[in-house]
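J.: Here it is: the structure, laid out below.
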Amino acid sequence: MKLEIEHLLKILGSHRALDSLSLTVENTRSFVLLGPSGGGKSTLLRVLAGLEKPDSGSVRINNVSLPDSELGLLLYRRKIGVVFQGFNLFPHLTAFRNITLPLEVVHGLPPAEASEIARQLLVRFQLEKHAHQKPAQLSGGQRQRIAIARAIAPRPNLVLLDEPTSALDPEMTAEVLQMIEELRDDGRDIILVTHELGFARQVADTIALVSQGTIAEIGPPKLIFDGPQSPITQSYLAKTLRY
Amino acid sequence: MLEPSHNYLRKILWAPSKGDRVSPIATLLNGFVVFSIIAVALLFLLRQSSLTWDWQSISKYHRLFLDGWKATLLISLASLLVSSMGGLALALAQSSAFLPLRFLSKTYVEIIRGTPLLAQIYIFFYIIAEAARLENRYVAGTLALSLFSAAYIAEIIRGGIESIGQSQLDSAKAIGLTKTQTYRHVIFPQALRSILPPLAGQFVSLIKDSSLLSIIGLNELTQNAKNVASYTFSNFESYLLLAVGYLLLTLPISLWTRWMEKRVRYET
Ligand SMILES: Nc1ncnc2c1ncn2[C@@H]1O[C@H](COP(=O)(O)OP(=O)(O)OP(=O)(O)O)[C@@H](O)[C@H]1O
Ligand SMILES: [Mg+2]
């Protein structure tokens, strides 16, 4: 993946959530965003997901600009996979239907084909027991893994994940992280927001530190963890590693 | 080992812990108890009052009751349908991005909810229907009732739509659903859960409110019952039949929506 962002501005209320943020990332399969709370990570991811239009600035992914029009954005969103902070399954549908609904309704697959894709995904991630349960009957980790399965079912080239493990206990976190690692190994590009530093170091090709709506530091994991230049990175790592 | 008998009694008289179903036996026995209480109370009241029942003179007019009941049934069914569609349209208009449409819908709802149905029926019948050359008073009456009920249904549906959290809407958007698909697959199925109980109440009100149409001379159940009462001087018998007639229409609605509520139930 090649990602070029120039002077991205996004104002929420009266706050500059993204304040002239620029970055360039090349030859990266997995790009991890770290940074203090309120720094603008989720806002950046929402812009990249085509959910929020920036107030100004430009974003180019693999040399293609993010579309401007509503229709362009709709078609763009259909090509990528998104997993939000917290849980975002549809509570009135079973786990299985949560996966097949977008395949049938958005991507126009015949029901038999959609069911087959859902079944294979559930088997692959050891979730087939839970196919016919509703989200309320699943554990947090199971829910989040179903959400990831739903996001990757249409085979997107790019998957965006916003703190997919922030609401989970350590054991469930491990389950979900393993699933994310498999995505990367499948050859899908991922952009991940997380506070799991160990995982970030292990999985990332490039790490960016987002703070106060801009990039404090960007580089390969080794550089970020072993020789951080920016004081913001230093204090973020110190605080996060202490606990 | 047998359970001590007070345990059985407790299971019959008290609801099980949350989430468990009331057993069929408990339902049956408690239903019987309530029915008995009502029956005994009624018998007692009838004894105390010095009423003498006269079903004889009323029975001559059974056709009037039946016709009135059928008219009420048809008026209610038609209004139910028209006001549901109208209410849905008004609710969607209120969340429309096009401001004139939104304000129009809000104004309509406020005017209708702020004025008595009686006045609306007169105004609709003598001014609007007149101007529109709408001569059939049954159609006019049904429309007046529908326009009234639509405002309330609009508010109920709007409340349901607004109860859907932003994260659900974001999810729908992120997986690439269009606006229409989001309403169809995410908003409506989830909103139904909170809409159903007040909607059932509104439908029941609608059926009872149809009795007001007697003021523009529709021969529906209330009008016909009043007529029979005045022909035969058997007020109590007529109004008792009237009450039973309405119950026969409203009970199925209540039972149907309760059944629907169970079907759309899911935890969050
Ligand atoms: N609707 C809004 N109105 C005003 N300010 C907002 C709004 N939404 C978010 N913000 C602010 O924008 C800033 C960036 O928020 P964002 O959610 O992108 O941070 P984050 O880096 O994801 O934080 P966290 O790690 O806590 O998830 C925060 O300071 C937040 O308070
Ligand atoms: Mg965030």
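Letters A, B, ... go to the chains of the structure tokens in the order shown; residues in each chain start at 1; ligands are counted from 1 in the same order.
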Around ligand 1, at most 8 Å away and counting only C-alpha atoms and all ligand atoms, which residues are there? Put them as a PyMOL selection string, please.
T.: chain A and resi 11-18+35-45+85+162-163+210-213
J.: Using only C-alpha atoms, which residues sit within 10 Å of segment 171-176 of chain A once same-chain residues fewer than 2 positions away are excluded, as an NGL selection string?
T.: :A and (125 or 139-146 or 148 or 164-169 or 178-182 or 196 or 199)
J.: Find the residues around Ser23 of chain B up to 12 Å (only C-alpha atoms counted), leave out those fewer than 3 positions away in its own chain, and share them as a PyMOL selection string.
T.: chain B and resi 8+11-16+20+26-30
J.: What gap, in Å, lies between atom CA of Ser211 of chain B and atom CA of Pro197 of chain B?
T.: 22.8 Å
J.: From the list B:Ser230, B:Thr180, B:Thr268, B:Ser79, which residue is nearest Ile164 of chain B when using only C-alpha atoms?
T.: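 Ranked by minimum distance to Ile164 of chain B, first place goes to B:Thr268.
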